[in-house]
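**Student:** Quick one: this structure, given as structure tokens, is what I'll be asking you about.
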Amino acid sequence: MTSILQIVIGGLLQGGVFAIAALGFSLVFRVTNVVNLSQGAFCVLGAMGMYYFQVSFGWPILPAAVAAVVCTTAFSLLVGAFTFVPAVSRLPNSSALVLTAGLLTFFTGITLIVWGNQPYALPPFSGEAPLVIGGLRIPSQGIWLASVSAVIIVGLWLLLQKTTLGRALRACAENPAAARLMGIDLRAMMLLSFGLAAMIGSVGGVLVAPVMSLQFDSGQFFTISGFIAVAIGGMGSFSGSIVGGILLGVAEQFAAYYVSSLFANTLALALLLAVLVLRPAGLFPSGPPRRSDVRDEGRIHRAVVRLPGRRQLAFAVILLVVLAVLPTLPMPNGLLQSLVIALILYIAVLGLDVLMGYAGQVSLGHAGFMAVGGYCAAILATSYGWPPVAAVIAALILSVLCALLLALATGRLRGHYLALATLTFGLLVDSLAVGLVDLTGGPSGLVGVPAFEVAGFSFDTPVRMYYLALALAAILVLALEGGMRFGFGRALKAVRSDQLAAAALGVNVSRVKIVALCISAALASLSGSLYAFSFHFLSPEMVETTRSFEMIAMLVLGGEGTLFGGLFGSLVLTLLPTLVQDLAVFKTAVEGALLVIIFLFMPEGLFGRLVLWLNKIPFRGTATAYARAGS
Amino acid sequence: MTAPALECRSISKIFGGVLAVDNVSLTIPSGSVSALIGPNGAGKTTLFNVATNLYVPSSGEVSFFGKNVAGLASHHIAALGVIRTFQTARVFPGMTTMENILAGAHLHVRTPIVSQMLWSRAARREEKSLIDKADALLDMIGLGQSRNVAATDLPIGAQKLIEVVRALMANPKLLLLDEPAAGLNDRETAELAVFLRAICDAGTSIIVVEHNMSLVMGVADLVFVLDAGRLIASGAPQDIQRNPKVIEAYLSRPEGQSP
């Protein structure tokens with residue numbers, strides 16, 4: 001009995017942190033209708049700030065905490081004003097969601113640059129000795145956490161219910177257009193909600209720093225936990241956030257105690273998937289859901305980025321020749337290896353382009369399909385001695401089945417719910433890869449994967465692997481170019497820009513989306529398999545959620561809806577850290593910043609920009625017709 | 001005898017406490033151009049949206065060509081040969097005029113995805129025939145020059161025409177047009193009337209919801225008048241113009257538009 005109570009106390013403690021992160025999600029979602037994935041980063045920035053002031057400067061607890069919270073909030077306001085707020089007003093919701101993933105990456109990168117990659121722990125506010133009540137041990141920090149959380153919740157409630165400012169915030173949540181007509185500055189309110197969420201998050205970070213060891217990428221943990229909590233409780237509902245957070249915390253503690261801490265995540269994610277499927281609005285729905293599946297007309301990227309047919313062919317041929325000649329040039333082995341990775345990732349990004357660029361659906365868990373493909377093929381080839389080609393095909397089928405299952409489960413979940421369900425799927429696969437030690441080798445990875453082999457020919461050198469990946473990529477581009485140019489691609493693009501009008505023309509919207517998801521899952525799976533065969537090794541961190549975000553960054557950087565764009569994106573983001581090794585520490589921050597900046601200022605991407613520029617050059621009179629649209 | 005293009009039986013639609021459409025029954029024969037008119041807020045577009053299942057009727061039934069459409073999804077209604085356009089021009093952004101129009105032929109793309117990916121001869125031949133058809137239609141509405149321009153770049157009148165042509169690419173048996181003349185000038189409206197008549201003569205029934213009386217009187221065979229959710233008159237355009245109830249409905253309210 002005592003042990004159960006002890007677990008519950010641990011769960012409440014953990015759940016309190018999740019609840020604080022969840023509150024931030026709900027607040028921003030209420031006002032902007034965007035799930036702000038950078039929420040977790042505020043916790044880490046707050047905690048790191050606390051360490052800075054308390055340990056490095058030797059300040060007393062209270063001033064250090066206040067300084068950490070103030071600095072984090074100020075920094076977030078600054079970043080939010082130039083990124084989040086314009087994004088929400090300018091971009092479709094799905095793009096704004098992806099942009100916040102970029103912000104999370106950016107904040108993580110900044111933390112890495114400033115504080116390095118070692119874990120930090122702070123002394124508890126009032127000593128190590130726990131409070132003992134009737135045989136139960138309650139960590140003193142837990143008392144702090146619980147009481148400050150309560151103060152935040154009451155304060156937030158008072159602010160929203162009792163002040164004019166709170167009423168304005170709520171008005172924006174209920175009906176943004178009407179709020180604007182009443183003279184409320186919508187942008188200021190969005191920024192305010194972002195800042196408040198940052199403040200709440202950083203307070204949570206400061207409080208939790210003494211009981212958890214934190215490092216630069218812990219933000220992802222807070223984002224995911226807070227997000228799961230809020231999705232269980234009900235997006236946008238404050239009481240739901242708190243209940244969801246505490247439920248999640250307690251469930252994880254029980255799972256860790258009775259099953260294994262390796263599976264604590266798996267259980268939480270399964271819980272989330274169940275809630276998403278059975279009660280998409282969460283346990284405490286906050287009012288009728290707004291329609292988020294139809295992109296707002298005024299906020300769609302309007303440029304037509306297309307090379308005229310003959311030019312496209314010439315461009316593709318030149319590109320293929322350049323890429324084919326590349327390995328014959330003298331270059332360090334590491335660079336060639338990076339080129340192989342870039343091409344392999346490009347295959348997955350191609351699939352992501354079909355889903356995001358053409359069909360307009362966001363997947364935040366694409367690495368999950370890579371993991372399924374990679375592990376399945378690697379395990380079949382390594383432990384069961386399957387021929388690599390058969391293993392790859394089996395993995396492909398499994399991935400498509402996963403995609404179909406996910407599509408069935410999320411059939412009713414349109415718009416951002418698909419993004420969130422794929423995120424959950426990615427995390428679930430990741431936690432299984434970590435947890436199923438016997439099958440996957442667990443955190444230390446799966447070793448001894450043989451080289452890829454077709455009919456006795458072994459692709460055992462980087463050069464051979466390079467040509468294999470290049471040939472596959474070229475074939476896939478050709479096939480997808482056909483698929484996207486003819487009827488299927490038009491149906492996808494129609495669905496992307498206007499589902500209602502597409503359906504009125506006879507397009508079966510959900511079928512088309514499911515096919516796009518399956519294609520992209522198949523390509524991710526193929527990419528994952530090649531990845532494992534190329535490295536002869538696969539570990540969970542090679543295919544974790546960071547990888548999903550990185551692939552999105554590659555796609556957006558290169559240019560969505562272009563097929564070729566992803567190649568440029570994956571080349572830049574894979575080769576840059578190899579070429580400038582000294583600057584490798586900046587990689588994460590640059591990746592995040594690039595994603596955000598490109599989304600805001602160059603939505604057509606690198607390749608799109610190139611196309612628009614090429615189209616300005618007159619070429620037998622055809623080019624001028626492809627003028628850039630929009631103002 | 002062929003089934004009527006559209007048959008509404010006792011349709012009502014209540015929003016909150018507001019009765020937007022009140023027990024409307026009407027039958028529109030196939031092979032005609034019919035118009036649904038009425039002052040603002042009369043429930044024309046609501047009736048349109050109920051008919052195409054965007055709204056679930058509070059009571060009543062709709063059938064197209066004798067087929068009851070209760071519970072059918074939009075794309076299934078389209079598959080019956082009933083294609084609608086929208087009140088505000090809804091061309092697809094990020095797609096050229098040509099792509100927009102080709103998108104209308106979705107129901108007639110027969111080659112499977114795999115065949116398209118393989119650039120099969122069937123896929124290319126099908127694409128070629130669709131492009132030829134689209135080009136012919138584009139020339140007919142005088143937008144041949146704009147085929148490779150982003151559709152959202154064109155003036156609103158051209159966008160509305162593109163929507164009509166896009167719907168035509170589906171070879172509809174019945175075309176439902178929601179205010180096709182909104183945003184068009186007098187000359188364009190006259191051209192649209194000629195175009196609609198030609199479409200009808202080629203075998204497609206048409207129903208328009210329209211404010212523009214010169215279009216309605218110029219092209220419609222049958223006119224149905226809605227006021228405050230109720231059907232108050234129906235008949236040939238000349239009779240409607242003289243109908244005292246219609247005149248009253250249009251003139252009795254300050255914001256009404258005179259026929």
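Please note that chains go A, B, ... in the order of the structure tokens, that every chain numbers its residues from 1, and that ligands are numbered from 1 in the order shown.
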Could you list, as a ChimeraX atom specification, every residue within 7 Å of Ala151 in chain B, counting only C-alpha atoms and ignoring same-chain residues fewer than 6 positions away?
**Tutor:** /B:91,93,95-97,159
**Student:** Based on the backbone DSSP call, show me all residues of range 218-442 of chain A assigned helix (DSSP H, G or I), as a PyMOL selection string.
**Tutor:** chain A and resi 218-233+238-258+261-278+297-299+309-328+333-358+366-383+388-409+416-435+437-440+442
**Student:** When DSSP is applied to the backbone of this structure, which of range 393-614 of chain A are assigned strand (DSSP E)? Write them out as a PDB file with C-alpha atoms, in the first residue's frame.
**Tutor:**
```pdb
ATOM      1  CA  LEU A 446      21.588  -3.275 -33.860  1.00  0.00           C
ATOM      2  CA  VAL A 447      25.026  -4.331 -35.083  1.00  0.00           C
ATOM      3  CA  PHE A 452      23.101  -4.774 -49.442  1.00  0.00           C
ATOM      4  CA  GLU A 453      23.248  -7.404 -52.134  1.00  0.00           C
ATOM      5  CA  VAL A 454      21.449  -8.041 -55.376  1.00  0.00           C
ATOM      6  CA  PHE A 457      26.602  -8.360 -56.304  1.00  0.00           C
ATOM      7  CA  SER A 458      27.454  -6.756 -53.010  1.00  0.00           C
ATOM      8  CA  PHE A 459      27.138  -3.018 -52.421  1.00  0.00           C
ATOM      9  CA  PHE A 537      24.264  -0.600 -37.992  1.00  0.00           C
ATOM     10  CA  LEU A 538      21.047   0.982 -36.759  1.00  0.00           C
TER      11      LEU A 538
END
```
**Student:** Between B:Val56, B:Met140, B:Val209, B:Leu72, which is the closest to chain A once you count only C-alpha atoms?
**Tutor:**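 Of the candidates, the smallest distance to chain A is held by B:Leu72.
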**Student:** To one decimal in Å, tell me the separation between CA of Leu278 in chain A and CA of Ala409 in chain A.
**Tutor:**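 Rounded to one decimal, the two atoms are 8.9 Å apart.
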**Student:** Using only C-alpha atoms, find which residues of chain B lie within 9 Å of chain A and jot them down as a PyMOL selection string.
**Tutor:** chain B and resi 52+73-79+82-86+90-96+99-100+102-107+109-119+123-124+127+145-153+166-167+170
**Student:** Based on the selection just made, write N, CA and C atoms of those residues as a compact mmCIF listing (two decimals), in the first residue's frame.
**Tutor:**
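Listed below is the output, out.txt:
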```txt
# COMPACT_ATOMS: atom_id res chain seq x y z
N THR B 52 -26.61 19.56 -52.33
CA THR B 52 -25.34 18.86 -52.59
C THR B 52 -24.77 18.28 -51.32
N ALA B 73 -21.63 11.27 -49.84
CA ALA B 73 -20.54 12.23 -49.73
C ALA B 73 -20.45 13.05 -51.02
N SER B 74 -19.79 14.23 -50.90
CA SER B 74 -19.70 15.13 -52.05
C SER B 74 -19.18 14.42 -53.30
N HIS B 75 -18.12 13.59 -53.13
CA HIS B 75 -17.53 13.01 -54.33
C HIS B 75 -18.45 11.97 -54.95
N HIS B 76 -19.34 11.39 -54.15
CA HIS B 76 -20.30 10.46 -54.74
C HIS B 76 -21.37 11.19 -55.53
N ILE B 77 -21.77 12.37 -55.02
CA ILE B 77 -22.73 13.17 -55.77
C ILE B 77 -22.11 13.58 -57.10
N ALA B 78 -20.83 13.97 -57.06
CA ALA B 78 -20.15 14.34 -58.30
C ALA B 78 -20.14 13.16 -59.26
N ALA B 79 -19.95 11.96 -58.71
CA ALA B 79 -19.90 10.77 -59.58
C ALA B 79 -21.25 10.50 -60.25
N VAL B 82 -23.36 15.22 -61.13
CA VAL B 82 -23.84 16.50 -60.63
C VAL B 82 -22.65 17.29 -60.10
N ILE B 83 -22.28 18.36 -60.80
CA ILE B 83 -21.09 19.12 -60.41
C ILE B 83 -21.52 20.53 -60.04
N ARG B 84 -21.03 21.03 -58.94
CA ARG B 84 -21.41 22.37 -58.50
C ARG B 84 -20.20 23.32 -58.48
N THR B 85 -20.50 24.60 -58.54
CA THR B 85 -19.46 25.61 -58.30
C THR B 85 -19.84 26.37 -57.04
N PHE B 86 -18.97 27.27 -56.63
CA PHE B 86 -19.18 27.95 -55.35
C PHE B 86 -19.41 29.44 -55.55
N ARG B 90 -13.59 29.61 -56.45
CA ARG B 90 -12.68 28.74 -55.71
C ARG B 90 -11.75 28.02 -56.67
N VAL B 91 -10.99 28.77 -57.46
CA VAL B 91 -9.95 28.12 -58.26
C VAL B 91 -8.88 27.66 -57.29
N PHE B 92 -8.12 26.64 -57.69
CA PHE B 92 -7.08 26.11 -56.81
C PHE B 92 -5.84 27.00 -56.87
N PRO B 93 -5.44 27.58 -55.76
CA PRO B 93 -4.22 28.38 -55.77
C PRO B 93 -3.00 27.47 -55.94
N GLY B 94 -1.93 28.04 -56.47
CA GLY B 94 -0.72 27.25 -56.65
C GLY B 94 -0.80 26.33 -57.86
N MET B 95 -1.85 26.48 -58.67
CA MET B 95 -1.97 25.67 -59.89
C MET B 95 -2.25 26.61 -61.06
N THR B 96 -1.75 26.25 -62.23
CA THR B 96 -1.98 27.10 -63.40
C THR B 96 -3.44 26.94 -63.86
N GLU B 99 -3.92 23.52 -65.27
CA GLU B 99 -4.01 22.48 -64.24
C GLU B 99 -5.35 22.53 -63.52
N ASN B 100 -5.82 23.76 -63.27
CA ASN B 100 -7.12 23.90 -62.63
C ASN B 100 -8.20 23.22 -63.45
N LEU B 102 -7.85 20.95 -65.83
CA LEU B 102 -7.64 19.50 -65.92
C LEU B 102 -8.12 18.81 -64.64
N ALA B 103 -7.98 19.51 -63.50
CA ALA B 103 -8.41 18.91 -62.24
C ALA B 103 -9.89 18.56 -62.28
N GLY B 104 -10.65 19.32 -63.10
CA GLY B 104 -12.08 19.05 -63.22
C GLY B 104 -12.38 17.70 -63.85
N ALA B 105 -11.40 17.17 -64.58
CA ALA B 105 -11.62 15.90 -65.28
C ALA B 105 -11.30 14.70 -64.41
N HIS B 106 -11.17 14.95 -63.11
CA HIS B 106 -10.74 13.87 -62.21
C HIS B 106 -11.53 12.57 -62.39
N LEU B 107 -12.85 12.71 -62.54
CA LEU B 107 -13.69 11.51 -62.64
C LEU B 107 -13.43 10.75 -63.93
N VAL B 109 -10.33 10.43 -65.29
CA VAL B 109 -8.98 9.87 -65.35
C VAL B 109 -9.11 8.39 -65.04
N ARG B 110 -8.90 7.57 -66.04
CA ARG B 110 -9.13 6.13 -65.87
C ARG B 110 -7.85 5.36 -65.57
N THR B 111 -6.70 5.89 -66.00
CA THR B 111 -5.47 5.13 -65.78
C THR B 111 -5.12 5.14 -64.29
N PRO B 112 -4.77 3.98 -63.74
CA PRO B 112 -4.43 3.92 -62.31
C PRO B 112 -3.10 4.64 -62.03
N ILE B 113 -2.88 4.92 -60.74
CA ILE B 113 -1.69 5.67 -60.33
C ILE B 113 -0.41 5.01 -60.84
N VAL B 114 -0.35 3.68 -60.70
CA VAL B 114 0.87 2.97 -61.10
C VAL B 114 1.15 3.20 -62.58
N SER B 115 0.10 3.16 -63.36
CA SER B 115 0.27 3.37 -64.80
C SER B 115 0.77 4.79 -65.07
N GLN B 116 0.27 5.76 -64.30
CA GLN B 116 0.76 7.14 -64.45
C GLN B 116 2.23 7.25 -64.08
N MET B 117 2.61 6.52 -63.01
CA MET B 117 4.00 6.58 -62.57
C MET B 117 4.94 5.96 -63.60
N LEU B 118 4.42 4.99 -64.36
CA LEU B 118 5.25 4.35 -65.37
C LEU B 118 5.22 5.12 -66.68
N TRP B 119 4.55 6.27 -66.71
CA TRP B 119 4.42 7.06 -67.93
C TRP B 119 3.89 6.17 -69.05
N ALA B 123 -1.61 6.36 -70.13
CA ALA B 123 -1.66 7.57 -69.30
C ALA B 123 -1.38 8.80 -70.14
N ARG B 124 -0.36 8.68 -71.02
CA ARG B 124 0.01 9.85 -71.83
C ARG B 124 -1.09 10.17 -72.84
N GLU B 127 -3.91 11.84 -71.02
CA GLU B 127 -3.55 13.21 -70.66
C GLU B 127 -3.67 14.12 -71.88
N GLN B 145 -4.70 32.36 -73.87
CA GLN B 145 -3.42 33.00 -73.59
C GLN B 145 -2.95 32.74 -72.16
N SER B 146 -3.91 32.48 -71.27
CA SER B 146 -3.57 32.41 -69.84
C SER B 146 -3.40 30.98 -69.35
N ARG B 147 -3.25 30.04 -70.26
CA ARG B 147 -3.28 28.65 -69.81
C ARG B 147 -2.17 28.31 -68.81
N ASN B 148 -1.00 28.93 -68.93
CA ASN B 148 0.10 28.59 -68.03
C ASN B 148 0.32 29.60 -66.91
N VAL B 149 -0.64 30.48 -66.73
CA VAL B 149 -0.54 31.47 -65.66
C VAL B 149 -1.23 30.92 -64.41
N ALA B 150 -0.73 31.29 -63.24
CA ALA B 150 -1.40 30.89 -62.01
C ALA B 150 -2.83 31.42 -62.04
N ALA B 151 -3.80 30.53 -61.80
CA ALA B 151 -5.20 30.91 -61.96
C ALA B 151 -5.58 32.05 -61.02
N THR B 152 -4.97 32.07 -59.84
CA THR B 152 -5.32 33.11 -58.87
C THR B 152 -4.82 34.48 -59.31
N ASP B 153 -4.00 34.50 -60.36
CA ASP B 153 -3.47 35.77 -60.88
C ASP B 153 -4.47 36.49 -61.77
N ARG B 166 -13.98 24.26 -65.53
CA ARG B 166 -13.46 23.15 -64.74
C ARG B 166 -14.57 22.15 -64.45
N ALA B 167 -15.74 22.68 -64.11
CA ALA B 167 -16.88 21.80 -63.84
C ALA B 167 -17.29 21.05 -65.11
N ALA B 170 -15.82 17.68 -66.23
CA ALA B 170 -16.32 16.44 -65.64
C ALA B 170 -17.45 15.84 -66.46
```
**Student:** Compile the contact shell of range 56-65 of chain A as a list of chain:residue names: residues with an atom at most 7 Å away, counting only C-alpha atoms, same-chain residues fewer than 5 positions apart removed.
**Tutor:**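 Residues near the query, excluding close chain neighbours: A:Met50, A:Tyr51, A:Val206.
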**Student:** Near range 545-560 of chain A, within 6 Å and counting only C-alpha atoms, which residues show up once chain neighbours fewer than 4 positions away are dropped, as a PyMOL selection string?
**Tutor:** chain A and resi 357+364-367+565-566+568-570+595+604-608
**Student:** Could you write out the selected residues, including N, CA and C atoms, as a PDB file, in the first residue's frame?
**Tutor:**
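File produced: part-v2.pdb:
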```
ATOM      1  N   GLY A 357       4.126  18.406 -49.599  1.00  0.00           N
ATOM      2  CA  GLY A 357       4.172  19.383 -50.665  1.00  0.00           C
ATOM      3  C   GLY A 357       2.993  19.271 -51.614  1.00  0.00           C
ATOM      4  N   LEU A 364       4.737  14.581 -38.753  1.00  0.00           N
ATOM      5  CA  LEU A 364       5.834  14.943 -37.857  1.00  0.00           C
ATOM      6  C   LEU A 364       6.549  13.690 -37.354  1.00  0.00           C
ATOM      7  N   GLY A 365       6.191  12.543 -37.922  1.00  0.00           N
ATOM      8  CA  GLY A 365       6.793  11.312 -37.419  1.00  0.00           C
ATOM      9  C   GLY A 365       7.320  10.440 -38.532  1.00  0.00           C
ATOM     10  N   HIS A 366       7.854  11.099 -39.572  1.00  0.00           N
ATOM     11  CA  HIS A 366       8.251  10.312 -40.720  1.00  0.00           C
ATOM     12  C   HIS A 366       9.411   9.376 -40.425  1.00  0.00           C
ATOM     13  N   ALA A 367      10.241   9.766 -39.451  1.00  0.00           N
ATOM     14  CA  ALA A 367      11.342   8.884 -39.076  1.00  0.00           C
ATOM     15  C   ALA A 367      10.804   7.556 -38.542  1.00  0.00           C
ATOM     16  N   GLY A 565      13.415  19.646 -55.002  1.00  0.00           N
ATOM     17  CA  GLY A 565      13.811  20.487 -53.877  1.00  0.00           C
ATOM     18  C   GLY A 565      14.475  19.716 -52.751  1.00  0.00           C
ATOM     19  N   GLY A 566      13.878  18.575 -52.413  1.00  0.00           N
ATOM     20  CA  GLY A 566      14.385  17.802 -51.292  1.00  0.00           C
ATOM     21  C   GLY A 566      15.847  17.430 -51.445  1.00  0.00           C
ATOM     22  N   PHE A 568      18.233  19.240 -52.791  1.00  0.00           N
ATOM     23  CA  PHE A 568      19.049  20.380 -52.382  1.00  0.00           C
ATOM     24  C   PHE A 568      19.042  20.517 -50.872  1.00  0.00           C
ATOM     25  N   GLY A 569      17.870  20.359 -50.292  1.00  0.00           N
ATOM     26  CA  GLY A 569      17.751  20.449 -48.842  1.00  0.00           C
ATOM     27  C   GLY A 569      18.594  19.398 -48.152  1.00  0.00           C
ATOM     28  N   SER A 570      18.509  18.148 -48.611  1.00  0.00           N
ATOM     29  CA  SER A 570      19.243  17.100 -47.909  1.00  0.00           C
ATOM     30  C   SER A 570      20.739  17.238 -48.153  1.00  0.00           C
ATOM     31  N   LEU A 595      14.723  26.566 -41.155  1.00  0.00           N
ATOM     32  CA  LEU A 595      13.336  26.140 -41.361  1.00  0.00           C
ATOM     33  C   LEU A 595      12.388  27.315 -41.152  1.00  0.00           C
ATOM     34  N   GLU A 604       9.062  29.290 -51.311  1.00  0.00           N
ATOM     35  CA  GLU A 604       9.270  28.401 -52.457  1.00  0.00           C
ATOM     36  C   GLU A 604      10.546  27.573 -52.312  1.00  0.00           C
ATOM     37  N   GLY A 605      11.401  27.890 -51.329  1.00  0.00           N
ATOM     38  CA  GLY A 605      12.592  27.087 -51.090  1.00  0.00           C
ATOM     39  C   GLY A 605      13.712  27.370 -52.081  1.00  0.00           C
ATOM     40  N   LEU A 606      14.861  26.702 -51.873  1.00  0.00           N
ATOM     41  CA  LEU A 606      16.038  26.938 -52.726  1.00  0.00           C
ATOM     42  C   LEU A 606      15.758  26.588 -54.179  1.00  0.00           C
ATOM     43  N   PHE A 607      15.212  25.379 -54.391  1.00  0.00           N
ATOM     44  CA  PHE A 607      14.954  24.958 -55.763  1.00  0.00           C
ATOM     45  C   PHE A 607      13.875  25.835 -56.392  1.00  0.00           C
ATOM     46  N   GLY A 608      12.863  26.166 -55.604  1.00  0.00           N
ATOM     47  CA  GLY A 608      11.797  27.023 -56.114  1.00  0.00           C
ATOM     48  C   GLY A 608      12.337  28.375 -56.553  1.00  0.00           C
TER      49      GLY A 608
END
```
**Student:** State, in Å with one decimal place, the distance from CA of Arg9 in chain B to CA of Asn23 in chain B.
**Tutor:**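 CA of Asn23 in chain B lies 8.0 Å from CA of Arg9 in chain B.
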**Student:** Write out as a VMD selection string which residues come within 12 Å of Ala251 in chain A when counting only C-alpha atoms, dropping same-chain ones fewer than 6 positions away.
**Tutor:** chain A and resid 4 7 to 12 14 to 15 229 243 to 245 257 to 259 261 263 to 272
**Student:** Excluding range 244-246 of chain B and any residue of its chain fewer than 5 positions from it, enumerate the residues within 8 Å of it, using only C-alpha atoms, and give them as a PyMOL selection string.
**Tutor:** chain B and resi 225+232-233
**Student:** Would you list the contacts of Ser525 in chain A as a VMD selection string, taking every protein, DNA or RNA residue within 10 Å and counting only C-alpha atoms, but skipping same-chain residues closer than 3 positions in sequence?
**Tutor:** chain A and resid 347 to 348 351 366 to 377 392 to 393 395 to 400 519 to 522 528 to 531
**Student:** Could the residues in this selection be written to a file with C-alpha atoms, as a PDB file, in the first residue's frame?
**Tutor:**
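Produced file result-v3.pdb, reproduced below:
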```pdb
ATOM      1  CA  ILE A 347      14.502   9.170 -50.936  1.00  0.00           C
ATOM      2  CA  ALA A 348      12.585   9.626 -47.681  1.00  0.00           C
ATOM      3  CA  GLY A 351       8.008  10.665 -49.980  1.00  0.00           C
ATOM      4  CA  HIS A 366       8.251  10.312 -40.720  1.00  0.00           C
ATOM      5  CA  ALA A 367      11.342   8.884 -39.076  1.00  0.00           C
ATOM      6  CA  GLY A 368       8.956   6.323 -37.570  1.00  0.00           C
ATOM      7  CA  PHE A 369       8.430   4.808 -41.007  1.00  0.00           C
ATOM      8  CA  MET A 370      12.186   4.918 -41.581  1.00  0.00           C
ATOM      9  CA  ALA A 371      12.639   3.057 -38.314  1.00  0.00           C
ATOM     10  CA  VAL A 372      10.074   0.408 -39.226  1.00  0.00           C
ATOM     11  CA  GLY A 373      11.758  -0.043 -42.603  1.00  0.00           C
ATOM     12  CA  GLY A 374      15.274   0.025 -41.219  1.00  0.00           C
ATOM     13  CA  TYR A 375      14.738  -2.313 -38.276  1.00  0.00           C
ATOM     14  CA  CYS A 376      12.514  -4.754 -40.109  1.00  0.00           C
ATOM     15  CA  ALA A 377      14.918  -5.138 -43.041  1.00  0.00           C
ATOM     16  CA  VAL A 392      13.615  -4.579 -47.929  1.00  0.00           C
ATOM     17  CA  ILE A 393      10.376  -5.554 -49.634  1.00  0.00           C
ATOM     18  CA  ALA A 395       9.881  -4.009 -44.539  1.00  0.00           C
ATOM     19  CA  LEU A 396       8.169  -1.926 -47.185  1.00  0.00           C
ATOM     20  CA  ILE A 397       4.979  -3.926 -46.857  1.00  0.00           C
ATOM     21  CA  LEU A 398       5.076  -3.646 -43.074  1.00  0.00           C
ATOM     22  CA  SER A 399       5.526   0.136 -43.279  1.00  0.00           C
ATOM     23  CA  VAL A 400       2.629   0.535 -45.679  1.00  0.00           C
ATOM     24  CA  ILE A 519       3.523   6.246 -50.891  1.00  0.00           C
ATOM     25  CA  SER A 520       5.451   8.408 -48.469  1.00  0.00           C
ATOM     26  CA  ALA A 521       5.614   5.621 -45.885  1.00  0.00           C
ATOM     27  CA  ALA A 522       6.943   3.229 -48.518  1.00  0.00           C
ATOM     28  CA  GLY A 528      15.458   3.461 -43.643  1.00  0.00           C
ATOM     29  CA  SER A 529      16.424   0.038 -45.000  1.00  0.00           C
ATOM     30  CA  LEU A 530      19.174   1.482 -47.193  1.00  0.00           C
ATOM     31  CA  TYR A 531      20.375   3.506 -44.234  1.00  0.00           C
TER      32      TYR A 531
END
```
**Student:** So, counting only C-alpha atoms, which residue among B:Asp186, B:His108, B:Ile141, B:Ala236 is closest to Glu126 in chain B?
**Tutor:**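 Smallest distance to Glu126 in chain B is found for B:His108.
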**Student:** Have a look at A:Val325, A:Val317, A:Cys518, A:Leu335 and name the one nearest to Leu355 in chain A; count only C-alpha atoms.
**Tutor:** A:Cys518
